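Text of model_39.txt (compact mmCIF, C-alpha atoms) as supplied:
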```txt
# COMPACT_ATOMS: atom_id res chain seq x y z
CA MET A 50 90.72 53.86 129.53
CA ASP A 51 92.01 55.47 126.35
CA GLU A 52 88.56 55.27 124.75
CA THR A 53 86.99 56.94 127.77
CA TYR A 54 89.60 59.71 127.69
CA SER A 55 89.12 60.33 123.97
CA TYR A 56 85.34 60.34 124.41
CA LEU A 57 85.67 62.89 127.23
CA MET A 58 87.92 65.09 125.12
CA GLN A 59 85.41 65.01 122.26
CA ILE A 60 82.68 66.21 124.62
CA LEU A 61 84.89 69.03 125.95
CA LYS A 62 85.66 70.18 122.39
CA LYS A 63 81.98 70.59 121.55
CA PRO A 64 80.98 74.28 121.07
CA SER A 65 77.80 73.63 123.04
CA PHE A 66 79.87 72.58 126.06
CA THR A 67 81.67 75.94 126.03
CA GLU A 68 78.39 77.83 125.73
CA THR A 69 76.87 75.84 128.61
CA PHE A 70 79.93 76.39 130.80
CA VAL A 71 79.94 80.16 130.15
CA ASP A 72 76.18 80.29 130.83
CA ILE A 73 76.72 78.58 134.18
CA LEU A 74 79.63 80.91 134.96
CA LEU A 75 77.58 84.01 134.14
CA CYS A 76 74.83 82.77 136.44
CA ALA A 77 77.20 81.72 139.25
CA VAL A 78 79.34 84.86 139.42
CA PRO A 79 76.50 87.22 140.53
CA ILE A 80 75.35 84.67 143.11
CA TRP A 81 78.81 84.30 144.66
CA LEU A 82 79.29 88.07 144.53
CA ALA A 83 76.06 88.53 146.48
CA VAL A 84 77.20 85.88 148.98
CA MET A 85 80.54 87.64 149.51
CA ILE A 86 78.83 91.02 149.97
CA GLY A 87 76.44 89.44 152.46
CA LEU A 88 79.34 87.89 154.40
CA LEU A 89 81.17 91.24 154.45
CA ILE A 90 78.13 93.12 155.73
CA GLY A 91 77.34 90.40 158.27
CA TRP A 92 80.91 90.38 159.56
CA SER A 93 80.99 94.16 159.92
CA TRP A 94 77.75 94.11 161.95
CA ARG A 95 78.56 91.02 164.03
CA PRO A 96 77.90 91.05 167.81
CA ARG A 97 80.87 91.43 170.15
CA TRP A 98 80.43 88.01 171.73
CA THR A 99 81.37 86.36 168.44
CA GLY A 100 84.94 87.55 169.03
CA LEU A 101 85.22 85.37 172.09
CA ILE A 102 84.11 82.33 170.11
CA TYR A 103 86.67 83.18 167.45
CA LEU A 104 89.45 83.42 170.05
CA GLY A 105 88.46 80.00 171.38
CA PHE A 106 88.68 78.34 167.98
CA ARG A 107 91.68 80.32 166.71
CA SER A 108 94.12 77.52 167.39
CA LYS A 109 92.07 75.05 165.40
CA LEU A 110 91.53 77.55 162.61
CA ARG A 111 95.25 78.23 162.52
CA PHE A 112 95.88 74.56 161.82
CA LEU A 113 93.41 74.62 158.93
CA TRP A 114 94.86 77.89 157.67
CA THR A 115 98.43 76.62 157.51
CA ALA A 116 97.59 73.16 156.15
CA PRO A 117 99.92 72.66 153.17
CA PRO A 118 97.98 70.13 151.05
CA GLY A 119 94.95 70.92 148.91
CA PHE A 120 93.64 74.10 147.34
CA GLY A 121 92.31 75.84 150.44
CA ALA A 122 90.86 79.29 151.02
CA ARG A 123 94.25 80.82 151.72
CA ARG A 124 95.74 79.59 148.46
CA LEU A 125 92.66 80.75 146.55
CA TRP A 126 92.87 84.20 148.14
CA LEU A 127 96.59 84.50 147.39
CA ALA A 128 95.99 83.45 143.78
CA PHE A 129 93.33 86.13 143.26
CA THR A 130 95.53 88.73 144.96
CA ALA A 131 98.44 87.85 142.67
CA LEU A 132 96.22 88.10 139.60
CA SER A 133 94.87 91.48 140.71
CA ALA A 134 98.36 92.79 141.40
CA PHE A 135 99.53 91.56 138.01
CA SER A 136 96.60 93.30 136.30
CA VAL A 137 97.29 96.58 138.11
CA CYS A 138 101.01 96.45 137.27
CA ARG A 139 100.23 95.68 133.64
CA THR A 140 97.81 98.64 133.45
CA VAL A 141 100.38 101.01 134.98
CA TRP A 142 103.08 99.77 132.61
CA SER A 143 100.82 100.14 129.56
CA ARG A 144 99.94 103.71 130.57
CA ARG A 145 103.64 104.44 130.94
CA ASP A 146 104.29 103.10 127.43
CA THR A 147 101.34 105.10 126.09
CA SER A 148 102.67 108.33 127.57
CA ALA A 149 106.07 107.57 126.08
CA ASN A 150 104.49 106.96 122.67
CA LYS A 151 102.58 110.23 122.95
CA SER A 152 105.78 112.18 123.58
CA ALA A 153 107.45 110.40 120.67
CA ASN A 154 104.52 111.11 118.37
CA GLY A 155 104.49 114.74 119.41
CA SER A 156 108.08 115.14 118.21
CA ALA A 157 107.17 113.78 114.76
CA PRO A 158 104.86 116.31 113.01
CA THR A 159 104.32 114.16 109.93
CA GLN A 160 102.62 111.29 111.79
CA LEU A 161 98.88 111.35 112.53
CA ALA A 162 98.12 111.97 116.20
CA PRO A 163 96.65 109.10 118.22
CA LEU A 164 92.98 109.11 119.05
CA GLU A 165 93.58 109.79 122.75
CA GLU A 166 95.10 113.20 122.00
CA SER A 167 92.14 114.47 120.00
CA PRO A 168 88.87 115.67 121.52
CA GLN A 169 85.91 113.34 121.38
CA SER A 170 83.94 115.44 118.93
CA ASP A 171 86.75 116.26 116.51
CA GLU A 172 84.82 116.72 113.27
CA THR A 173 87.49 118.13 111.02
CA GLY A 174 89.90 115.25 111.43
CA ALA A 175 93.65 115.35 111.94
CA SER A 176 94.73 114.51 108.43
CA ASP A 177 95.66 117.19 105.93
CA ASN A 178 94.22 115.09 103.11
CA THR A 179 90.42 115.61 103.31
CA THR A 180 89.69 113.89 99.99
CA VAL A 181 88.63 110.30 100.38
CA ARG A 182 89.90 107.84 97.83
CA GLU A 183 87.08 106.87 95.50
CA GLU A 184 87.65 103.13 95.80
CA ILE A 185 87.19 103.00 99.60
CA VAL A 186 83.46 102.13 99.53
CA THR A 187 82.18 101.09 96.10
CA GLU A 188 79.09 99.62 94.50
CA ASN A 189 80.59 96.16 95.02
CA ASP A 190 80.04 96.66 98.74
CA LEU A 191 76.45 97.69 98.03
CA GLU A 192 75.96 94.53 95.98
CA HIS A 193 77.42 92.49 98.82
CA LEU A 194 74.85 94.01 101.19
CA LEU A 195 71.97 93.15 98.86
CA GLN A 196 73.20 89.58 98.49
CA LEU A 197 73.32 89.10 102.26
CA LEU A 198 69.77 90.43 102.57
CA GLU A 199 68.39 87.80 100.17
CA VAL A 200 66.14 85.67 102.34
CA GLY A 201 65.57 82.87 99.85
CA ASN A 202 69.23 82.16 99.11
CA ALA A 203 69.51 78.36 99.32
CA SER A 204 73.25 78.51 100.09
CA ARG A 205 72.68 80.53 103.28
CA GLU A 206 70.48 79.21 106.10
CA TRP A 207 69.39 81.72 108.73
CA GLN A 208 68.66 80.67 112.32
CA SER A 209 66.04 82.71 114.15
CA MET A 210 67.39 84.37 117.30
CA MET A 211 64.76 86.85 118.44
CA ASP A 212 61.27 88.10 117.64
CA LYS A 213 60.02 90.82 119.99
CA THR A 214 57.40 93.53 119.70
CA THR A 215 56.71 96.66 121.76
CA PRO A 216 53.92 99.23 121.28
CA ASN A 217 56.05 101.38 118.98
CA MET A 218 58.73 98.99 117.71
CA SER A 219 59.18 95.45 116.41
CA TYR A 220 62.48 93.59 116.13
CA GLN A 221 63.53 90.32 114.49
CA ALA A 222 67.03 88.85 114.35
CA TRP A 223 68.69 85.91 112.62
CA ARG A 224 72.21 84.57 112.34
CA HIS A 225 74.15 82.53 109.79
CA GLU A 226 77.26 80.56 110.71
CA PRO A 227 79.56 80.05 107.71
CA GLN A 228 82.21 77.36 107.75
CA THR A 229 84.93 79.99 107.85
CA GLY A 230 84.80 83.52 109.12
CA PRO A 231 82.71 85.26 111.76
CA VAL A 232 79.00 84.76 112.38
CA ILE A 233 76.75 86.92 110.17
CA TYR A 234 73.80 88.61 111.87
CA ARG A 235 70.74 89.96 110.11
CA SER A 236 67.94 91.95 111.72
CA ARG A 237 64.75 93.76 110.78
CA SER A 238 63.56 96.67 112.92
CA VAL A 239 60.36 98.66 112.38
CA PHE A 240 60.04 101.96 114.23
CA GLU A 241 56.60 103.53 114.44
CA ASP A 242 56.22 107.28 113.82
CA ALA A 243 59.71 107.68 112.36
CA THR A 244 60.90 108.92 108.98
CA PRO A 245 63.77 107.45 106.96
CA ASP A 246 65.60 110.79 107.04
CA ILE A 247 65.62 110.93 110.85
CA VAL A 248 66.73 107.29 111.13
CA ARG A 249 69.46 107.84 108.54
CA ASP A 250 70.86 110.86 110.42
CA PHE A 251 70.55 109.04 113.75
CA PHE A 252 72.70 106.08 112.69
CA TRP A 253 75.28 108.37 111.05
CA ASP A 254 75.61 110.95 113.86
CA ASP A 255 78.69 109.97 115.87
CA GLU A 256 78.30 113.00 118.15
CA PHE A 257 74.98 111.69 119.44
CA ARG A 258 75.92 108.00 119.44
CA PRO A 259 77.74 107.96 122.85
CA LYS A 260 74.43 108.93 124.47
CA TRP A 261 72.93 105.53 123.63
CA ASP A 262 75.92 103.38 122.58
CA PHE A 263 77.95 103.24 125.79
CA MET A 264 80.62 101.08 124.19
CA LEU A 265 81.78 103.99 122.00
CA ALA A 266 84.52 105.69 124.01
CA LYS A 267 86.09 107.99 121.39
CA PHE A 268 85.64 108.89 117.75
CA ARG A 269 86.85 111.30 115.11
CA THR A 270 86.55 111.92 111.40
CA LEU A 271 89.75 111.22 109.48
CA GLU A 272 88.70 112.03 105.93
CA GLU A 273 85.57 113.07 104.08
CA ASP A 274 84.45 113.69 100.51
CA THR A 275 81.82 116.38 100.09
CA GLN A 276 81.02 115.18 96.55
CA THR A 277 79.98 111.57 97.31
CA GLY A 278 79.49 111.77 101.09
CA THR A 279 82.12 109.10 101.68
CA MET A 280 83.80 109.29 105.08
CA ILE A 281 86.58 107.56 106.98
CA VAL A 282 86.10 107.61 110.75
CA GLN A 283 87.99 106.17 113.68
CA TRP A 284 86.20 104.55 116.61
CA ARG A 285 87.45 103.25 119.91
CA LYS A 286 85.04 100.90 121.71
CA LYS A 287 85.10 99.74 125.30
CA PHE A 288 84.85 96.00 125.83
CA PRO A 289 84.24 93.97 129.02
CA PHE A 290 86.96 93.66 131.64
CA PHE A 291 88.38 90.44 130.18
CA CYS A 292 89.02 92.09 126.78
CA SER A 293 91.02 95.12 125.80
CA ASP A 294 89.46 98.01 123.91
CA ARG A 295 88.99 97.73 120.15
CA GLU A 296 89.84 100.25 117.43
CA TYR A 297 87.89 100.57 114.19
CA ILE A 298 88.86 102.40 111.01
CA ILE A 299 85.54 102.59 109.14
CA GLY A 300 84.76 103.75 105.63
CA ARG A 301 81.11 104.58 104.98
CA ARG A 302 78.86 105.85 102.26
CA ILE A 303 75.14 106.22 101.51
CA TRP A 304 73.28 105.46 98.29
CA GLU A 305 69.74 106.68 97.64
CA SER A 306 67.10 105.19 95.37
CA GLY A 307 63.55 106.47 95.52
CA ASN A 308 62.46 106.37 99.16
CA LYS A 309 65.22 103.98 100.24
CA TYR A 310 68.65 104.61 101.72
CA TYR A 311 71.46 102.05 101.39
CA CYS A 312 74.03 102.74 104.12
CA VAL A 313 77.31 100.82 103.87
CA THR A 314 80.02 100.84 106.55
CA LYS A 315 83.05 98.57 106.58
CA GLY A 316 86.58 98.32 107.91
CA VAL A 317 89.19 99.90 105.63
CA PRO A 318 93.00 100.11 105.73
CA TYR A 319 94.53 103.41 106.76
CA PRO A 320 98.34 103.57 106.53
CA ALA A 321 98.49 106.98 108.22
CA LEU A 322 97.43 105.30 111.46
CA PRO A 323 99.62 102.21 112.06
CA LYS A 324 98.24 99.40 114.18
CA ARG A 325 99.17 99.23 117.85
CA ASP A 326 99.00 96.53 120.49
CA LYS A 327 96.39 98.45 122.46
CA PRO A 328 93.72 99.12 121.48
CA ARG A 329 93.51 96.15 119.14
CA ARG A 330 92.32 97.06 115.66
CA VAL A 331 89.36 95.20 114.15
CA GLU A 332 90.13 94.85 110.46
CA LEU A 333 87.29 92.57 109.32
CA TYR A 334 84.17 94.65 109.89
CA PHE A 335 80.98 95.02 107.84
CA SER A 336 77.82 96.68 109.18
CA SER A 337 75.33 97.96 106.62
CA TRP A 338 71.60 98.56 106.45
CA VAL A 339 68.69 99.54 104.21
CA ILE A 340 66.22 102.17 105.41
CA ARG A 341 62.76 102.64 103.92
CA ALA A 342 59.28 103.83 104.86
CA VAL A 343 56.68 101.09 105.48
CA GLU A 344 53.03 100.95 106.42
CA SER A 345 52.26 101.51 110.08
CA ARG A 346 50.76 98.87 112.32
CA LYS A 347 47.98 101.29 113.19
CA GLY A 348 46.04 100.06 110.16
CA ASP A 349 45.51 103.48 108.61
CA GLY A 350 47.39 102.52 105.44
CA GLN A 351 49.91 105.36 105.85
CA PRO A 352 53.68 104.79 105.53
CA THR A 353 54.46 106.45 108.87
CA ALA A 354 56.77 103.68 110.09
CA CYS A 355 60.42 103.12 109.18
CA GLU A 356 62.03 99.74 108.48
CA VAL A 357 65.74 99.08 108.96
CA SER A 358 67.20 95.86 107.53
CA LEU A 359 70.67 95.37 108.99
CA VAL A 360 73.54 92.99 108.18
CA HIS A 361 76.50 92.88 110.56
CA TYR A 362 79.62 90.79 111.06
CA GLU A 363 83.07 91.44 112.48
CA ASP A 364 86.13 89.61 113.75
CA MET A 365 86.73 90.99 117.23
CA GLY A 366 89.58 88.61 117.97
CA ILE A 367 87.74 86.56 120.62
CA PRO A 368 86.52 82.94 120.40
CA LYS A 369 83.45 82.54 118.23
CA ASP A 370 81.45 80.73 120.90
CA VAL A 371 82.11 83.46 123.46
CA ALA A 372 81.14 86.14 120.91
CA LYS A 373 77.90 84.30 120.08
CA LEU A 374 77.04 84.01 123.75
CA GLY A 375 77.69 87.71 124.34
CA VAL A 376 75.55 88.73 121.38
CA ARG A 377 72.73 86.44 122.45
CA HIS A 378 72.69 87.78 126.01
CA GLY A 379 73.13 91.47 125.15
CA MET A 380 71.11 91.80 121.96
CA TRP A 381 67.76 92.86 123.37
CA GLY A 382 69.35 95.28 125.84
CA ALA A 383 71.29 96.95 123.00
CA VAL A 384 68.13 97.18 120.89
CA LYS A 385 66.22 98.87 123.71
CA LYS A 386 69.03 101.39 124.18
CA LEU A 387 69.06 102.06 120.44
CA HIS A 388 65.30 102.62 120.43
CA SER A 389 65.48 105.00 123.39
CA GLY A 390 68.29 106.88 121.67
CA LEU A 391 66.25 107.22 118.48
CA ARG A 392 63.28 108.70 120.36
CA ALA A 393 65.59 111.11 122.20
CA TYR A 394 67.15 112.07 118.87
CA GLN A 395 63.70 112.76 117.43
CA THR A 396 62.80 114.97 120.37
CA GLY A 397 66.08 116.86 120.11
CA ARG A 398 65.61 117.48 116.40
CA LYS A 399 62.15 118.95 117.01
CA SER A 400 63.48 121.47 119.52
CA ASP A 401 66.77 122.18 117.71
CA SER A 402 66.93 122.17 113.93
CA SER A 403 70.74 122.49 113.76
CA LEU A 404 72.66 119.47 112.50
CA SER A 405 76.11 118.28 113.41
CA ARG A 406 78.78 118.11 110.75
CA ILE A 407 78.50 114.33 110.52
CA ALA A 408 74.71 114.45 110.19
CA GLN A 409 75.12 116.95 107.38
CA MET A 410 77.43 114.52 105.61
CA ALA A 411 74.67 111.89 105.82
CA ARG A 412 72.56 114.04 103.52
CA ILE A 413 75.17 113.81 100.76
CA THR A 414 74.18 110.61 98.97
CA THR A 415 74.82 108.91 95.65
CA VAL A 416 71.60 108.56 93.66
CA LEU A 417 71.04 105.22 91.92
CA ASP A 418 68.19 103.73 89.91
CA MET A 419 67.62 100.56 91.91
CA ASP A 420 64.01 100.04 90.76
CA SER A 421 64.99 98.48 87.44
CA THR A 422 67.50 96.19 89.12
CA GLU A 423 65.02 95.11 91.77
CA SER A 424 62.26 94.51 89.20
CA SER A 425 64.53 92.35 87.03
CA THR A 426 65.44 90.12 89.97
CA SER A 427 62.06 90.14 91.73
CA ASP A 428 60.85 86.93 90.07
CA GLU A 429 64.03 85.06 90.98
CA ASP A 430 63.96 86.35 94.57
CA ARG A 431 60.29 85.46 94.89
CA SER A 432 60.93 81.90 93.74
CA ARG A 433 63.84 81.59 96.20
CA ALA A 434 61.70 82.95 99.02
CA MET A 435 58.87 80.52 98.18
CA GLY A 436 61.31 77.60 98.16
CA TYR A 437 62.78 78.68 101.48
CA ALA A 438 59.28 79.00 103.03
CA ARG A 439 58.35 75.57 101.65
CA ARG A 440 61.41 73.99 103.28
CA GLN A 441 60.63 75.67 106.58
CA ARG A 442 57.03 74.44 106.41
CA ASP A 443 58.17 70.88 105.64
CA ASN A 444 60.49 70.96 108.63
CA LEU A 445 57.66 72.05 110.90
CA ARG A 446 55.17 69.46 109.60
CA VAL A 447 54.11 66.90 112.21
CA ASP A 448 54.15 63.17 111.44
CA TRP A 449 51.25 61.84 113.52
CA LYS A 450 52.30 58.20 113.42
CA TRP A 451 55.38 59.03 115.50
CA VAL A 452 53.18 60.91 117.95
CA VAL A 453 51.07 57.76 118.45
CA VAL A 454 54.19 55.60 118.87
CA GLY A 455 55.62 58.06 121.37
CA GLY A 456 52.37 58.10 123.36
CA VAL A 457 52.33 54.30 123.60
CA ALA A 458 55.99 54.24 124.66
CA LEU A 459 55.34 56.91 127.31
CA ALA A 460 52.40 54.95 128.74
CA CYS A 461 54.48 51.77 128.91
CA GLY A 462 57.34 53.62 130.55
CA LEU A 463 55.09 55.13 133.21
CA HIS A 464 53.64 51.71 133.92
CA THR A 465 56.99 49.94 134.29
CA GLY A 466 58.81 52.79 136.07
CA VAL A 467 61.78 53.11 133.68
CA ILE A 468 61.17 56.73 132.72
CA GLY A 469 63.92 58.02 135.00
CA LYS A 470 66.55 55.72 133.55
CA ALA A 471 65.45 56.53 130.00
CA LEU A 472 65.64 60.27 130.64
CA LEU A 473 69.13 59.93 132.10
CA ALA A 474 70.35 57.90 129.13
CA GLY A 475 68.73 60.31 126.68
CA ALA A 476 70.37 63.30 128.34
CA GLY A 477 73.79 61.64 128.01
CA GLN A 478 73.25 60.86 124.36
CA ARG A 479 72.05 64.40 123.66
CA LEU A 480 75.13 65.89 125.24
CA ALA A 481 77.31 63.55 123.17
CA ARG A 482 75.57 64.60 119.96
CA ARG A 483 76.02 68.27 120.73
```

Could you take the file, read its structure, and then write that structure out as structure tokens?
Amino acid sequence: MDETYSYLMQILKKPSFTETFVDILLCAVPIWLAVMIGLLIGWSWRPRWTGLIYLGFRSKLRFLWTAPPGFGARRLWLAFTALSAFSVCRTVWSRRDTSANKSANGSAPTQLAPLEESPQSDETGASDNTTVREEIVTENDLEHLLQLLEVGNASREWQSMMDKTTPNMSYQAWRHEPQTGPVIYRSRSVFEDATPDIVRDFFWDDEFRPKWDFMLAKFRTLEEDTQTGTMIVQWRKKFPFFCSDREYIIGRRIWESGNKYYCVTKGVPYPALPKRDKPRRVELYFSSWVIRAVESRKGDGQPTACEVSLVHYEDMGIPKDVAKLGVRHGMWGAVKKLHSGLRAYQTGRKSDSSLSRIAQMARITTVLDMDSTESSTSDEDRSRAMGYARRQRDNLRVDWKWVVVGGVALACGLHTGVIGKALLAGAGQRLARR
């Protein structure tokens, strides 16, 4: 009995079990919601004669309704009602505490105002100190970005997640799961008929971002440096109903080398804004990308397309398996919204040449000579990439002798009728391995 219990606990602790359970839950919730809506509509449009039948069976139903044992419908309904009431009371209490904090903050002129008190498009920021510290975003962060973009790095294996193509865009995504820390995501997007300058301004423009990134609820600029283009911004993002909102304090900066832009954004400390319980602050955050012009798929040999190589990871404070599942289910939808936003941004820039303050800051870059650095490491990167491709090819190589053995075993199984039992045993072993 103890061995069976321990074996069951090992299966429940598997990350794949959690992913499978959440997948089933995500599929079951819409179905049951549709069933409840159908029952509500059917009950509201029921014929009058059904009331007589209900009166006839009311005594029997009353016995089932008041039955003490078990987890019946009444207990389930009361449990959900209690949870809903608790959630409403907690929301009202948190709003009361927030209003009290606002009044307290208003009486202290030296403390930075919370994000809720500032307008959504506050470009000047609320801090008197508009000079960003030079060590907020440095070349070490740029080097970290380039290291994560190395495809042939033997110490970092990337798992393919997505490879989709539309008439005017292509998108590829990978992920790497380190032993410690959050999952690292890498993607490559190619936008047809787009320039690096437009894409650079599009990703930097927080005023336009809420039109395509619906998770961004509020934002403001805290500090900026007109010499290097370094900025510190504050974001507040909306999360699903089972999570509270998240707050981000982001330092960002752009380097330029030739026809490439290296955009680095990361979470930075900001003592002027102390952490609060709600919204929860995400401290570990790194989202950076490289923008460059590439040859179009039209085959004309012209660099009229724009490539964006992105690296992103963050610790949102939720279980890793749940975060992976959310990213996997919402990735393509987010990419389509991003692409629609980019095309809308292009159209708006053609009709209106004025730039927002944040987009103007994107044009202040730090010029670097990256060509010599890239040429000195090109041979090493090429050898790493060739080794990585060779390992991938070896993994995909087919050993035909096992195909023959498997065909013979399948024929014997079909003849003897043991295929069903073998499939059942194999499914159990596969679940145990996962």

Checklist entry - For A:Glu184, which residue among A:Ala342, A:Val416, A:Met280, A:Ala354 is the nearest when counting all atoms listed in the file? => result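 For A:Glu184, the nearest of the given residues is A:Met280.
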
Polymer residues at most 6 Å from (67.0, 104.1, 95.2) by all atoms listed in the file, as an mmCIF file with C-alpha atoms, keeping the file's coordinate frame:
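selection.cif written:
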```
data_model
loop_
_atom_site.group_PDB
_atom_site.id
_atom_site.type_symbol
_atom_site.label_atom_id
_atom_site.label_comp_id
_atom_site.auth_asym_id
_atom_site.auth_seq_id
_atom_site.Cartn_x
_atom_site.Cartn_y
_atom_site.Cartn_z
ATOM 1 C CA GLU A 305 69.740 106.680 97.640
ATOM 2 C CA SER A 306 67.100 105.190 95.370
ATOM 3 C CA GLY A 307 63.550 106.470 95.520
ATOM 4 C CA LYS A 309 65.220 103.980 100.240
ATOM 5 C CA LEU A 417 71.040 105.220 91.920
ATOM 6 C CA ASP A 418 68.190 103.730 89.910
ATOM 7 C CA MET A 419 67.620 100.560 91.910
#
```

Checklist entry - Hey, what's within 6 Å of stretch 293-300 of chain A if we count all atoms listed in the file and toss same-chain stuff fewer than 5 positions away? As a list in words, please? => result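 Within the cut-off, the hits are Met280, Ile281, Val282, Gln283, Trp284, Arg285, Lys286, Lys287, Phe288, Thr314, Lys315, Gly316, Val317, Pro328, Arg329, Arg330 and Val331 of chain A.
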
Checklist outcome for this item: In terms of only C-alpha atoms, the residue from A:Gly87, A:Pro259, A:Pro323, A:Pro216 at minimal distance from A:Arg346 is A:Pro216

Next on the checklist: Could you check the closest approach to A:Met218 for each of A:Asp262, A:Asp255, A:Glu192, A:Glu356 and tell me which residue wins, using only C-alpha atoms?
Outcome noted: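 Checking each candidate against A:Met218, we get A:Glu356 as the closest.
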
Item to check | Atom pair atom CA of A:Arg249 / atom CA of A:Lys373: separation (Å) | outcome: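 Between atom CA of A:Arg249 and atom CA of A:Lys373 the gap is 27.5 Å.
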
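Considering only C-alpha atoms, the residue among A:Met210, A:Ile303, A:Ile367, A:Ala393 positioned nearest to A:Leu191 is A:Ile303.
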
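With distances restricted to all atoms listed in the file, A:Leu271 is the closest residue to A:Ala321 from A:Leu271, A:Thr277, A:Cys292, A:Leu391.
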
Checklist entry - Pick from A:Arg301, A:Lys347, A:Arg406, A:Arg412: nearest to A:Glu256, with all atoms listed in the file counted? => result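 Comparing A:Arg301, A:Lys347, A:Arg406, A:Arg412 against A:Glu256, the winner is A:Arg406.
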
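When the distance limit is 9 Å and only C-alpha atoms are what count, the residues near A:Thr414, minus those fewer than 4 positions from it on the same chain, are Gln276, Thr277, Gly278, Thr279, Arg302, Ile303, Trp304, Glu305, Tyr310 and Met410 of chain A.
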
Checklist entry - Which distance in Å separates atom CA of A:Phe240 and atom CA of A:Asn217, to one decimal? => result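 Distance between the two atoms: 6.2 Å.
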
Checklist entry - What gap, in Å, lies between atom CA of A:Cys312 and atom CA of A:Asp190? => result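 Between these atoms lies a distance of 10.1 Å.
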